[in-house]
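A.B. asks: If it helps, the file is called input.cif and holds mmCIF, N, CA and C atoms and all ligand atoms:
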```
data_run
#
loop_
_atom_site.label_atom_id
_atom_site.label_comp_id
_atom_site.auth_asym_id
_atom_site.auth_seq_id
_atom_site.Cartn_x
_atom_site.Cartn_y
_atom_site.Cartn_z
N MET Q 4 147.95 110.54 46.35
CA MET Q 4 147.95 109.14 45.91
C MET Q 4 149.37 108.58 46.00
N THR Q 5 149.55 107.52 46.72
CA THR Q 5 150.88 106.91 46.83
C THR Q 5 150.92 105.63 46.02
N THR Q 6 150.38 104.54 46.58
CA THR Q 6 150.32 103.30 45.83
C THR Q 6 148.87 103.01 45.49
N VAL Q 7 148.62 102.73 44.23
CA VAL Q 7 147.26 102.31 43.86
C VAL Q 7 147.30 100.84 43.48
N THR Q 8 146.21 100.16 43.79
CA THR Q 8 146.12 98.74 43.50
C THR Q 8 144.82 98.46 42.77
N GLY Q 9 144.82 97.33 42.08
CA GLY Q 9 143.61 96.93 41.38
C GLY Q 9 143.80 95.57 40.75
N GLY Q 10 142.84 95.18 39.94
CA GLY Q 10 142.94 93.89 39.28
C GLY Q 10 141.67 93.57 38.53
N CYS Q 11 141.64 92.34 38.01
CA CYS Q 11 140.49 91.90 37.22
C CYS Q 11 139.39 91.39 38.14
N MET Q 12 138.29 91.03 37.54
CA MET Q 12 137.11 90.60 38.31
C MET Q 12 137.38 89.33 39.11
N CYS Q 13 138.10 88.36 38.54
CA CYS Q 13 138.28 87.07 39.24
C CYS Q 13 139.49 87.10 40.17
N GLY Q 14 140.38 88.10 40.03
CA GLY Q 14 141.54 88.20 40.91
C GLY Q 14 142.77 87.47 40.40
N ALA Q 15 142.70 86.83 39.23
CA ALA Q 15 143.87 86.13 38.69
C ALA Q 15 144.98 87.11 38.30
N VAL Q 16 144.61 88.32 37.91
CA VAL Q 16 145.61 89.35 37.59
C VAL Q 16 145.42 90.52 38.54
N ARG Q 17 146.50 90.88 39.20
CA ARG Q 17 146.48 92.01 40.14
C ARG Q 17 147.65 92.93 39.79
N TYR Q 18 147.55 94.17 40.20
CA TYR Q 18 148.67 95.08 39.95
C TYR Q 18 148.76 96.08 41.08
N GLU Q 19 149.95 96.66 41.20
CA GLU Q 19 150.10 97.85 42.02
C GLU Q 19 151.01 98.82 41.33
N CYS Q 20 150.73 100.10 41.55
CA CYS Q 20 151.49 101.17 40.90
C CYS Q 20 151.88 102.15 41.98
N ASN Q 21 153.18 102.48 42.02
CA ASN Q 21 153.64 103.37 43.08
C ASN Q 21 154.14 104.71 42.55
N ALA Q 22 153.55 105.16 41.44
CA ALA Q 22 153.90 106.48 40.91
C ALA Q 22 152.63 107.25 40.59
N GLU Q 23 152.74 108.56 40.59
CA GLU Q 23 151.61 109.40 40.19
C GLU Q 23 151.35 109.19 38.69
N PRO Q 24 150.08 109.23 38.27
CA PRO Q 24 149.81 109.13 36.84
C PRO Q 24 150.42 110.32 36.08
N ALA Q 25 150.89 110.05 34.86
CA ALA Q 25 151.33 111.13 33.98
C ALA Q 25 150.12 111.98 33.59
N PHE Q 26 149.01 111.30 33.32
CA PHE Q 26 147.73 111.98 33.12
C PHE Q 26 146.60 110.97 33.24
N MET Q 27 145.39 111.49 33.41
CA MET Q 27 144.21 110.63 33.44
C MET Q 27 143.25 111.19 32.39
N ALA Q 28 142.66 110.31 31.60
CA ALA Q 28 141.87 110.79 30.48
C ALA Q 28 140.88 109.74 30.01
N ASN Q 29 139.97 110.18 29.15
CA ASN Q 29 138.97 109.30 28.56
C ASN Q 29 139.25 109.17 27.07
N CYS Q 30 139.48 107.92 26.62
CA CYS Q 30 139.69 107.70 25.19
C CYS Q 30 138.38 107.23 24.54
N HIS Q 31 137.97 107.96 23.50
CA HIS Q 31 136.71 107.66 22.81
C HIS Q 31 136.93 107.00 21.46
N CYS Q 32 138.14 106.42 21.23
CA CYS Q 32 138.38 105.81 19.91
C CYS Q 32 137.53 104.54 19.76
N ARG Q 33 137.32 104.16 18.51
CA ARG Q 33 136.46 103.01 18.23
C ARG Q 33 137.04 101.72 18.80
N ASP Q 34 138.37 101.59 18.76
CA ASP Q 34 138.96 100.36 19.29
C ASP Q 34 138.75 100.26 20.79
N CYS Q 35 138.89 101.37 21.51
CA CYS Q 35 138.62 101.32 22.96
C CYS Q 35 137.15 101.03 23.21
N GLN Q 36 136.28 101.58 22.36
CA GLN Q 36 134.86 101.29 22.52
C GLN Q 36 134.60 99.80 22.33
N ARG Q 37 135.21 99.21 21.28
CA ARG Q 37 135.00 97.78 21.04
C ARG Q 37 135.60 96.94 22.17
N ALA Q 38 136.81 97.32 22.59
CA ALA Q 38 137.50 96.51 23.60
C ALA Q 38 136.80 96.56 24.95
N THR Q 39 136.20 97.71 25.27
CA THR Q 39 135.56 97.83 26.58
C THR Q 39 134.07 97.51 26.52
N GLY Q 40 133.48 97.61 25.33
CA GLY Q 40 132.03 97.45 25.22
C GLY Q 40 131.29 98.64 25.79
N ALA Q 41 132.00 99.77 25.93
CA ALA Q 41 131.40 100.95 26.55
C ALA Q 41 131.66 102.17 25.67
N ALA Q 42 131.16 103.32 26.07
CA ALA Q 42 131.27 104.52 25.27
C ALA Q 42 132.71 105.02 25.16
N TYR Q 43 133.52 104.72 26.17
CA TYR Q 43 134.90 105.22 26.16
C TYR Q 43 135.72 104.42 27.17
N PHE Q 44 137.04 104.63 27.10
CA PHE Q 44 137.97 103.93 27.99
C PHE Q 44 138.56 104.95 28.96
N PRO Q 45 138.13 104.92 30.22
CA PRO Q 45 138.70 105.84 31.21
C PRO Q 45 140.01 105.27 31.71
N THR Q 46 141.11 106.00 31.54
CA THR Q 46 142.42 105.41 31.84
C THR Q 46 143.35 106.32 32.62
N LEU Q 47 144.06 105.71 33.55
CA LEU Q 47 145.16 106.38 34.26
C LEU Q 47 146.41 105.98 33.49
N VAL Q 48 147.14 106.95 33.01
CA VAL Q 48 148.36 106.66 32.26
C VAL Q 48 149.54 106.87 33.19
N VAL Q 49 150.27 105.78 33.44
CA VAL Q 49 151.30 105.78 34.48
C VAL Q 49 152.63 105.29 33.91
N PRO Q 50 153.75 105.59 34.59
CA PRO Q 50 155.04 105.05 34.14
C PRO Q 50 155.04 103.52 34.19
N ARG Q 51 155.45 102.90 33.07
CA ARG Q 51 155.42 101.42 33.02
C ARG Q 51 156.26 100.79 34.10
N ASN Q 52 157.43 101.41 34.39
CA ASN Q 52 158.32 100.77 35.35
C ASN Q 52 157.85 100.92 36.79
N ALA Q 53 156.73 101.63 37.01
CA ALA Q 53 156.20 101.78 38.36
C ALA Q 53 155.08 100.78 38.64
N VAL Q 54 154.79 99.94 37.63
CA VAL Q 54 153.66 99.01 37.77
C VAL Q 54 154.17 97.59 37.96
N LYS Q 55 153.73 96.97 39.04
CA LYS Q 55 154.07 95.58 39.29
C LYS Q 55 152.81 94.74 39.04
N ILE Q 56 152.93 93.80 38.09
CA ILE Q 56 151.78 92.98 37.71
C ILE Q 56 151.98 91.57 38.23
N THR Q 57 150.97 91.01 38.86
CA THR Q 57 151.02 89.59 39.19
C THR Q 57 149.92 88.88 38.41
N GLY Q 58 150.22 87.67 37.95
CA GLY Q 58 149.31 86.96 37.07
C GLY Q 58 149.71 87.23 35.63
N GLU Q 59 149.00 86.63 34.69
CA GLU Q 59 149.41 86.67 33.28
C GLU Q 59 148.29 87.21 32.41
N PRO Q 60 148.26 88.53 32.22
CA PRO Q 60 147.24 89.03 31.30
C PRO Q 60 147.55 88.56 29.88
N LYS Q 61 146.52 88.41 29.07
CA LYS Q 61 146.72 88.16 27.63
C LYS Q 61 146.66 89.50 26.93
N TYR Q 62 147.35 89.62 25.78
CA TYR Q 62 147.35 90.89 25.06
C TYR Q 62 146.86 90.69 23.64
N TYR Q 63 146.06 91.63 23.19
CA TYR Q 63 145.65 91.69 21.79
C TYR Q 63 146.26 92.93 21.19
N GLU Q 64 146.92 92.75 20.03
CA GLU Q 64 147.69 93.83 19.43
C GLU Q 64 147.01 94.31 18.15
N SER Q 65 146.89 95.64 18.02
CA SER Q 65 146.32 96.18 16.78
C SER Q 65 146.93 97.57 16.56
N ALA Q 66 146.71 98.12 15.36
CA ALA Q 66 147.24 99.45 15.05
C ALA Q 66 146.32 100.49 15.67
N GLY Q 67 146.93 101.45 16.38
CA GLY Q 67 146.15 102.53 16.98
C GLY Q 67 145.90 103.65 15.98
N GLY Q 68 145.27 104.72 16.44
CA GLY Q 68 144.94 105.85 15.58
C GLY Q 68 146.17 106.49 14.96
N SER Q 69 147.31 106.37 15.66
CA SER Q 69 148.56 106.96 15.17
C SER Q 69 149.20 106.08 14.11
N GLY Q 70 148.69 104.86 13.91
CA GLY Q 70 149.33 103.90 13.03
C GLY Q 70 150.29 102.99 13.78
N LYS Q 71 150.67 103.38 15.01
CA LYS Q 71 151.56 102.55 15.81
C LYS Q 71 150.73 101.49 16.55
N LEU Q 72 151.41 100.40 16.91
CA LEU Q 72 150.69 99.30 17.55
C LEU Q 72 150.31 99.65 18.98
N ILE Q 73 149.21 99.10 19.40
CA ILE Q 73 148.82 99.19 20.80
C ILE Q 73 148.40 97.80 21.26
N LYS Q 74 148.91 97.40 22.41
CA LYS Q 74 148.54 96.12 22.99
C LYS Q 74 147.52 96.37 24.09
N ARG Q 75 146.40 95.66 24.00
CA ARG Q 75 145.38 95.79 25.03
C ARG Q 75 145.30 94.48 25.81
N GLY Q 76 145.47 94.59 27.12
CA GLY Q 76 145.50 93.40 27.96
C GLY Q 76 144.15 93.08 28.55
N PHE Q 77 143.97 91.78 28.82
CA PHE Q 77 142.75 91.35 29.48
C PHE Q 77 143.03 90.06 30.23
N CYS Q 78 142.19 89.74 31.19
CA CYS Q 78 142.32 88.49 31.92
C CYS Q 78 141.72 87.37 31.10
N ALA Q 79 142.51 86.32 30.84
CA ALA Q 79 142.04 85.21 30.01
C ALA Q 79 140.99 84.39 30.74
N ASN Q 80 140.92 84.53 32.04
CA ASN Q 80 139.93 83.75 32.80
C ASN Q 80 138.58 84.45 32.86
N CYS Q 81 138.57 85.73 33.24
CA CYS Q 81 137.28 86.40 33.45
C CYS Q 81 136.97 87.44 32.38
N GLY Q 82 137.95 87.77 31.51
CA GLY Q 82 137.69 88.68 30.41
C GLY Q 82 137.78 90.16 30.75
N SER Q 83 138.09 90.50 32.00
CA SER Q 83 138.16 91.92 32.37
C SER Q 83 139.26 92.62 31.58
N ARG Q 84 138.97 93.84 31.12
CA ARG Q 84 139.97 94.65 30.45
C ARG Q 84 141.04 95.08 31.44
N LEU Q 85 142.30 94.99 31.00
CA LEU Q 85 143.40 95.44 31.85
C LEU Q 85 144.23 96.47 31.10
N PHE Q 86 145.53 96.30 31.09
CA PHE Q 86 146.46 97.36 30.68
C PHE Q 86 146.44 97.65 29.20
N ALA Q 87 146.72 98.92 28.87
CA ALA Q 87 146.93 99.31 27.48
C ALA Q 87 148.39 99.73 27.33
N LEU Q 88 149.07 99.11 26.34
CA LEU Q 88 150.48 99.42 26.11
C LEU Q 88 150.66 99.98 24.70
N PRO Q 89 150.58 101.29 24.56
CA PRO Q 89 150.76 101.89 23.24
C PRO Q 89 152.23 102.03 22.89
N GLU Q 90 152.58 101.59 21.67
CA GLU Q 90 153.96 101.76 21.18
C GLU Q 90 154.33 103.24 21.06
N LEU Q 91 153.28 104.08 20.86
CA LEU Q 91 153.49 105.51 20.71
C LEU Q 91 154.11 106.14 21.96
N ILE Q 92 153.77 105.63 23.12
CA ILE Q 92 154.32 106.14 24.39
C ILE Q 92 154.87 104.96 25.20
N PRO Q 93 156.06 104.46 24.75
CA PRO Q 93 156.58 103.19 25.28
C PRO Q 93 156.92 103.20 26.77
N ASP Q 94 157.07 104.40 27.36
CA ASP Q 94 157.41 104.44 28.79
C ASP Q 94 156.17 104.43 29.66
N LEU Q 95 155.01 104.49 29.03
CA LEU Q 95 153.77 104.62 29.80
C LEU Q 95 152.84 103.44 29.56
N LEU Q 96 151.94 103.27 30.48
CA LEU Q 96 150.98 102.16 30.42
C LEU Q 96 149.64 102.70 30.90
N GLY Q 97 148.57 102.29 30.24
CA GLY Q 97 147.24 102.73 30.63
C GLY Q 97 146.56 101.71 31.52
N ILE Q 98 146.07 102.16 32.64
CA ILE Q 98 145.31 101.30 33.56
C ILE Q 98 143.84 101.71 33.45
N PRO Q 99 142.94 100.74 33.25
CA PRO Q 99 141.52 101.11 33.20
C PRO Q 99 141.04 101.57 34.58
N ALA Q 100 140.41 102.73 34.61
CA ALA Q 100 140.01 103.31 35.89
C ALA Q 100 139.13 102.36 36.70
N ALA Q 101 138.25 101.64 36.00
CA ALA Q 101 137.30 100.80 36.73
C ALA Q 101 137.94 99.54 37.30
N SER Q 102 139.20 99.25 36.93
CA SER Q 102 139.87 98.08 37.51
C SER Q 102 140.54 98.41 38.84
N LEU Q 103 140.57 99.68 39.20
CA LEU Q 103 141.18 100.07 40.48
C LEU Q 103 140.36 99.53 41.64
N ASP Q 104 141.03 99.24 42.74
CA ASP Q 104 140.28 98.86 43.94
C ASP Q 104 139.44 100.03 44.43
N ASP Q 105 139.94 101.25 44.21
CA ASP Q 105 139.16 102.45 44.53
C ASP Q 105 139.04 103.33 43.29
N PRO Q 106 138.07 103.04 42.42
CA PRO Q 106 137.97 103.79 41.17
C PRO Q 106 137.62 105.25 41.37
N SER Q 107 137.21 105.64 42.57
CA SER Q 107 136.79 107.03 42.79
C SER Q 107 137.97 108.00 42.75
N ILE Q 108 139.21 107.48 42.76
CA ILE Q 108 140.38 108.39 42.69
C ILE Q 108 140.60 108.89 41.26
N PHE Q 109 139.90 108.31 40.29
CA PHE Q 109 140.08 108.71 38.89
C PHE Q 109 139.53 110.11 38.66
N LYS Q 110 140.40 111.02 38.16
CA LYS Q 110 140.00 112.40 37.87
C LYS Q 110 140.49 112.75 36.46
N PRO Q 111 139.66 112.47 35.44
CA PRO Q 111 140.12 112.72 34.07
C PRO Q 111 140.35 114.20 33.82
N SER Q 112 141.38 114.50 33.02
CA SER Q 112 141.69 115.90 32.70
C SER Q 112 141.33 116.24 31.26
N MET Q 113 140.94 115.25 30.47
CA MET Q 113 140.61 115.52 29.06
C MET Q 113 139.85 114.35 28.45
N ASP Q 114 139.20 114.65 27.32
CA ASP Q 114 138.63 113.62 26.45
C ASP Q 114 139.42 113.63 25.16
N PHE Q 115 139.80 112.44 24.65
CA PHE Q 115 140.48 112.41 23.35
C PHE Q 115 139.86 111.37 22.42
N PHE Q 116 140.24 111.49 21.14
CA PHE Q 116 139.54 110.77 20.06
C PHE Q 116 138.04 111.05 20.10
N THR Q 117 137.72 112.31 20.37
CA THR Q 117 136.31 112.69 20.44
C THR Q 117 135.64 112.65 19.07
N VAL Q 118 136.45 112.51 17.99
CA VAL Q 118 135.87 112.39 16.66
C VAL Q 118 134.93 111.18 16.60
N SER Q 119 135.20 110.17 17.42
CA SER Q 119 134.31 108.99 17.42
C SER Q 119 133.52 108.85 18.73
N ALA Q 120 133.41 109.95 19.48
CA ALA Q 120 132.58 109.91 20.69
C ALA Q 120 131.13 109.64 20.29
N GLN Q 121 130.43 108.90 21.11
CA GLN Q 121 129.07 108.47 20.77
C GLN Q 121 128.02 109.50 21.19
N PRO Q 122 127.00 109.69 20.34
CA PRO Q 122 125.96 110.68 20.66
C PRO Q 122 125.14 110.29 21.89
N TRP Q 123 125.20 109.00 22.28
CA TRP Q 123 124.42 108.56 23.44
C TRP Q 123 125.22 108.67 24.73
N HIS Q 124 126.42 109.26 24.63
CA HIS Q 124 127.21 109.49 25.84
C HIS Q 124 127.42 110.99 26.02
N GLN Q 125 127.08 111.52 27.19
CA GLN Q 125 127.26 112.94 27.47
C GLN Q 125 128.65 113.16 28.05
N MET Q 126 129.54 113.80 27.27
CA MET Q 126 130.87 114.11 27.79
C MET Q 126 130.78 115.29 28.75
N ASN Q 127 131.70 115.32 29.71
CA ASN Q 127 131.78 116.44 30.64
C ASN Q 127 132.21 117.70 29.87
N PRO Q 128 131.34 118.72 29.75
CA PRO Q 128 131.68 119.89 28.93
C PRO Q 128 132.87 120.68 29.49
N GLU Q 129 133.22 120.45 30.74
CA GLU Q 129 134.33 121.21 31.34
C GLU Q 129 135.70 120.68 30.95
N LEU Q 130 135.76 119.46 30.40
CA LEU Q 130 137.07 118.89 30.07
C LEU Q 130 137.51 119.30 28.67
N PRO Q 131 138.82 119.59 28.48
CA PRO Q 131 139.34 119.85 27.13
C PRO Q 131 139.09 118.65 26.23
N LYS Q 132 138.83 118.94 24.94
CA LYS Q 132 138.52 117.86 23.97
C LYS Q 132 139.57 117.87 22.86
N PHE Q 133 140.03 116.66 22.50
CA PHE Q 133 140.96 116.52 21.40
C PHE Q 133 140.36 115.53 20.40
N PRO Q 134 140.23 115.93 19.12
CA PRO Q 134 139.58 115.06 18.13
C PRO Q 134 140.31 113.72 17.98
N GLN Q 135 141.66 113.75 18.07
CA GLN Q 135 142.42 112.50 17.96
C GLN Q 135 143.32 112.36 19.19
N ASN Q 136 144.58 111.95 19.00
CA ASN Q 136 145.47 111.80 20.15
C ASN Q 136 145.64 113.13 20.87
N PRO Q 137 145.81 113.10 22.19
CA PRO Q 137 146.10 114.37 22.90
C PRO Q 137 147.52 114.81 22.54
N PRO Q 138 147.81 116.11 22.69
CA PRO Q 138 149.18 116.57 22.43
C PRO Q 138 150.15 115.92 23.41
N MET Q 139 151.26 115.43 22.91
CA MET Q 139 152.28 114.82 23.77
C MET Q 139 153.42 115.81 23.93
N ASN Q 140 153.91 115.94 25.15
CA ASN Q 140 155.10 116.81 25.28
C ASN Q 140 156.22 116.14 26.03
ZN ZN Q 201 140.29 87.64 35.95
ZN ZN Q 202 141.28 104.49 22.58
#
```
I need this file expressed as structure tokens, please.

C.D. replies:
Amino acid sequence: MTTVTGGCMCGAVRYECNAEPAFMANCHCRDCQRATGAAYFPTLVVPRNAVKITGEPKYYESAGGSGKLIKRGFCANCGSRLFALPELIPDLLGIPAASLDDPSIFKPSMDFFTVSAQPWHQMNPELPKFPQNPPMN
């Protein structure tokens, strides 16, 4: 993977990222569930300074599971979920896997916040599970 590109449904917000993800994972926290309207948030976590954003996403800020703030971006025109900016990992940014132009490159390595994973969603049993935040190193 060299440069990945993606954007929202209407195209008002586009991005490109020219670095390898630090990790790819599925977040099952309640806030991600509410923000996405889905069972979990599949995200590529990449270096913030490697992402070039065009257009103006709007951000909604709330306290994450760690107690630190997390900003969740979305397109104000079409409502598509975009970037996640957790204060806990200020050098990194989460890109929603489904916003990629080629979402098939997404290869999650873990599930986290599985404490709130939904019984109607079957998690991949082969992936490591973390009840809350994954271990950071
Ligand atoms: Zn849009
Ligand atoms: Zn989450």

A.B. asks: Taking into account only C-alpha atoms and all ligand atoms, which residue in the set Q:Ile108, Q:Cys11, Q:Leu88, Q:Ile56 is nearest to ligand ZN 202 (chain Q)?

C.D. replies: Q:Leu88

A.B. asks: Which one is closest to ligand ZN 201 (chain Q): Q:Gly82, Q:Gly70, Q:Pro50, Q:Pro99? Count only C-alpha atoms and all ligand atoms.

C.D. replies: Q:Gly82

A.B. asks: Distance table requested - chain Q against ligand ZN 202 (chain Q), cut-off 10 Å, only C-alpha atoms and all ligand atoms: one row per qualifying residue with the closest atom pair and its distance in Å to one decimal, ordered by chain and rising residue number, as a tab-separated table.

C.D. replies:
```
residue	atom	partner	partner_atom	distance
Q:Asn29	CA	Q:ZN202	ZN	8.0
Q:Cys30	CA	Q:ZN202	ZN	4.4
Q:His31	CA	Q:ZN202	ZN	5.6
Q:Cys32	CA	Q:ZN202	ZN	4.2
Q:Arg33	CA	Q:ZN202	ZN	6.7
Q:Asp34	CA	Q:ZN202	ZN	5.8
Q:Cys35	CA	Q:ZN202	ZN	4.2
Q:Gln36	CA	Q:ZN202	ZN	7.2
Q:Arg37	CA	Q:ZN202	ZN	9.3
Q:Ala38	CA	Q:ZN202	ZN	8.9
Q:Thr39	CA	Q:ZN202	ZN	9.6
Q:Tyr43	CA	Q:ZN202	ZN	7.4
Q:Phe44	CA	Q:ZN202	ZN	6.4
Q:Pro45	CA	Q:ZN202	ZN	9.1
Q:Thr46	CA	Q:ZN202	ZN	9.4
Q:Gly67	CA	Q:ZN202	ZN	7.7
Q:Gly68	CA	Q:ZN202	ZN	8.0
Q:Ile73	CA	Q:ZN202	ZN	9.4
Q:Arg75	CA	Q:ZN202	ZN	9.9
Q:Ala87	CA	Q:ZN202	ZN	9.1
Q:Pro89	CA	Q:ZN202	ZN	9.9
Q:Phe115	CA	Q:ZN202	ZN	8.0
Q:Phe116	CA	Q:ZN202	ZN	7.0
Q:Thr117	CA	Q:ZN202	ZN	9.8
Q:Ser119	CA	Q:ZN202	ZN	9.8
Q:Gln135	CA	Q:ZN202	ZN	9.3
Q:Asn136	CA	Q:ZN202	ZN	8.8
```

A.B. asks: List all protein, DNA and RNA residues that have any atom at most 8 Å from ligand ZN 201 (chain Q), counting only N, CA and C atoms and all ligand atoms, and write the list as a ChimeraX atom specification.

C.D. replies: /Q:10-17,77-84

A.B. asks: Would you give me, as a PDB file with N, CA and C atoms, in the frame of the given file, the residues in segment 11-137 of chain Q that DSSP reads as helix (DSSP H, G or I)?

C.D. replies:
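In the end it all went to out_34.pdb:
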```
ATOM      1  N   ARG Q  33     137.320 104.160  18.510  1.00  0.00           N
ATOM      2  CA  ARG Q  33     136.460 103.010  18.230  1.00  0.00           C
ATOM      3  C   ARG Q  33     137.040 101.720  18.800  1.00  0.00           C
ATOM      4  N   ASP Q  34     138.370 101.590  18.760  1.00  0.00           N
ATOM      5  CA  ASP Q  34     138.960 100.360  19.290  1.00  0.00           C
ATOM      6  C   ASP Q  34     138.750 100.260  20.790  1.00  0.00           C
ATOM      7  N   CYS Q  35     138.890 101.370  21.510  1.00  0.00           N
ATOM      8  CA  CYS Q  35     138.620 101.320  22.960  1.00  0.00           C
ATOM      9  C   CYS Q  35     137.150 101.030  23.210  1.00  0.00           C
ATOM     10  N   GLN Q  36     136.280 101.580  22.360  1.00  0.00           N
ATOM     11  CA  GLN Q  36     134.860 101.290  22.520  1.00  0.00           C
ATOM     12  C   GLN Q  36     134.600  99.800  22.330  1.00  0.00           C
ATOM     13  N   ARG Q  37     135.210  99.210  21.280  1.00  0.00           N
ATOM     14  CA  ARG Q  37     135.000  97.780  21.040  1.00  0.00           C
ATOM     15  C   ARG Q  37     135.600  96.940  22.170  1.00  0.00           C
ATOM     16  N   ALA Q  38     136.810  97.320  22.590  1.00  0.00           N
ATOM     17  CA  ALA Q  38     137.500  96.510  23.600  1.00  0.00           C
ATOM     18  C   ALA Q  38     136.800  96.560  24.950  1.00  0.00           C
ATOM     19  N   THR Q  39     136.200  97.710  25.270  1.00  0.00           N
ATOM     20  CA  THR Q  39     135.560  97.830  26.580  1.00  0.00           C
ATOM     21  C   THR Q  39     134.070  97.510  26.520  1.00  0.00           C
ATOM     22  N   ARG Q  51     155.450 102.900  33.070  1.00  0.00           N
ATOM     23  CA  ARG Q  51     155.420 101.420  33.020  1.00  0.00           C
ATOM     24  C   ARG Q  51     156.260 100.790  34.100  1.00  0.00           C
ATOM     25  N   ASN Q  52     157.430 101.410  34.390  1.00  0.00           N
ATOM     26  CA  ASN Q  52     158.320 100.770  35.350  1.00  0.00           C
ATOM     27  C   ASN Q  52     157.850 100.920  36.790  1.00  0.00           C
ATOM     28  N   ALA Q  53     156.730 101.630  37.010  1.00  0.00           N
ATOM     29  CA  ALA Q  53     156.200 101.780  38.360  1.00  0.00           C
ATOM     30  C   ALA Q  53     155.080 100.780  38.640  1.00  0.00           C
ATOM     31  N   ALA Q 100     140.410 102.730  34.610  1.00  0.00           N
ATOM     32  CA  ALA Q 100     140.010 103.310  35.890  1.00  0.00           C
ATOM     33  C   ALA Q 100     139.130 102.360  36.700  1.00  0.00           C
ATOM     34  N   ALA Q 101     138.250 101.640  36.000  1.00  0.00           N
ATOM     35  CA  ALA Q 101     137.300 100.800  36.730  1.00  0.00           C
ATOM     36  C   ALA Q 101     137.940  99.540  37.300  1.00  0.00           C
ATOM     37  N   SER Q 102     139.200  99.250  36.930  1.00  0.00           N
ATOM     38  CA  SER Q 102     139.870  98.080  37.510  1.00  0.00           C
ATOM     39  C   SER Q 102     140.540  98.410  38.840  1.00  0.00           C
ATOM     40  N   PRO Q 106     138.070 103.040  42.420  1.00  0.00           N
ATOM     41  CA  PRO Q 106     137.970 103.790  41.170  1.00  0.00           C
ATOM     42  C   PRO Q 106     137.620 105.250  41.370  1.00  0.00           C
ATOM     43  N   SER Q 107     137.210 105.640  42.570  1.00  0.00           N
ATOM     44  CA  SER Q 107     136.790 107.030  42.790  1.00  0.00           C
ATOM     45  C   SER Q 107     137.970 108.000  42.750  1.00  0.00           C
ATOM     46  N   ILE Q 108     139.210 107.480  42.760  1.00  0.00           N
ATOM     47  CA  ILE Q 108     140.380 108.390  42.690  1.00  0.00           C
ATOM     48  C   ILE Q 108     140.600 108.890  41.260  1.00  0.00           C
ATOM     49  N   THR Q 117     137.720 112.310  20.370  1.00  0.00           N
ATOM     50  CA  THR Q 117     136.310 112.690  20.440  1.00  0.00           C
ATOM     51  C   THR Q 117     135.640 112.650  19.070  1.00  0.00           C
ATOM     52  N   VAL Q 118     136.450 112.510  17.990  1.00  0.00           N
ATOM     53  CA  VAL Q 118     135.870 112.390  16.660  1.00  0.00           C
ATOM     54  C   VAL Q 118     134.930 111.180  16.600  1.00  0.00           C
ATOM     55  N   SER Q 119     135.200 110.170  17.420  1.00  0.00           N
ATOM     56  CA  SER Q 119     134.310 108.990  17.420  1.00  0.00           C
ATOM     57  C   SER Q 119     133.520 108.850  18.730  1.00  0.00           C
TER      58      SER Q 119
END
```

A.B. asks: Select, from Q:Cys20, Q:Lys132, Q:Phe26, Q:Leu72, the residue with the minimum atom-to-atom distance to Ala53 of chain Q, counting all atoms listed in the file.

C.D. replies: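 Looking at the shortest contact to Ala53 of chain Q, the residue is Q:Cys20.
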
A.B. asks: Taking only C-alpha atoms into account, which of Q:Thr8, Q:Gln125, Q:Asn52, Q:Asn21 comes nearest Ser102 of chain Q?

C.D. replies: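 The answer is Q:Thr8, which sits nearest to Ser102 of chain Q.
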
A.B. asks: Set the distance at 8 Å and use only N, CA and C atoms: which residues neighbour Pro24 of chain Q once local chain neighbours fewer than 4 positions away are removed? I'd like the list as a tab-separated table (two decimals) with N, CA and C atoms, keeping the file's coordinate frame.

C.D. replies:
```
chain	number	residue	atom	x	y	z
Q	4	MET	N	147.95	110.54	46.35
Q	4	MET	CA	147.95	109.14	45.91
Q	4	MET	C	149.37	108.58	46.00
Q	47	LEU	N	144.06	105.71	33.55
Q	47	LEU	CA	145.16	106.38	34.26
Q	47	LEU	C	146.41	105.98	33.49
Q	48	VAL	N	147.14	106.95	33.01
Q	48	VAL	CA	148.36	106.66	32.26
Q	48	VAL	C	149.54	106.87	33.19
Q	49	VAL	N	150.27	105.78	33.44
Q	49	VAL	CA	151.30	105.78	34.48
Q	49	VAL	C	152.63	105.29	33.91
Q	50	PRO	N	153.75	105.59	34.59
Q	50	PRO	CA	155.04	105.05	34.14
Q	50	PRO	C	155.04	103.52	34.19
```

A.B. asks: Please report the interatomic distance between atom CA of Glu129 of chain Q and atom CA of Asp94 of chain Q in Å with one decimal.

C.D. replies: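 Between atom CA of Glu129 of chain Q and atom CA of Asp94 of chain Q the gap works out to 28.6 Å.
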
A.B. asks: Name the residues of segment 4-89 of chain Q that fall into strand (DSSP E) according to DSSP on the backbone, using the chain letters and numbers of this document, as a VMD selection string.

C.D. replies: chain Q and resid 7 to 10 17 to 20 26 to 30 44 to 50 54 to 57 61 to 66 72 to 77 84 to 89

A.B. asks: Let me have the centre and edge lengths of the axis-aligned box enclosing all listed atoms of segment 71-86 of chain Q with 4 Å padding on every side, in Å to one decimal, as AutoDock Vina command-line options.

C.D. replies:
```
--center_x 144.3 --center_y 93.6 --center_z 24.2 --size_x 22.6 --size_y 27.6 --size_z 26.4
```

A.B. asks: Rounded to one decimal in Å, what is the spacing between atom C of Glu64 of chain Q and atom N of Ile98 of chain Q?

C.D. replies: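 The value is 16.5 Å.
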
A.B. asks: Extract, using all atoms listed in the file, all DNA, RNA and protein residues at most 6 Å from Lys71 of chain Q, discarding same-chain residues fewer than 6 positions from it, and format them as a list in words.

C.D. replies: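 Once the nearby chain positions are removed, what remains is Ser65, Glu90 and Leu91 of chain Q.
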
A.B. asks: Between atom CA of Met139 of chain Q and atom CA of Ala101 of chain Q, what distance in Å does the model show, to one decimal?

C.D. replies: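 If I compute the distance from atom CA of Met139 of chain Q to atom CA of Ala101 of chain Q, I get 24.3 Å.
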
A.B. asks: Given only C-alpha atoms as the basis, pick out the residue of Q:Leu130, Q:Ala42, Q:Leu85, Q:Ala66 nearest to Leu103 of chain Q.

C.D. replies: Q:Leu85

A.B. asks: So, with only N, CA and C atoms as the atoms that count, which of Q:Lys55, Q:Ala22, Q:Met27, Q:Gly9 lies closest to Phe109 of chain Q?

C.D. replies: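 Of the candidates, the smallest distance to Phe109 of chain Q is held by Q:Met27.
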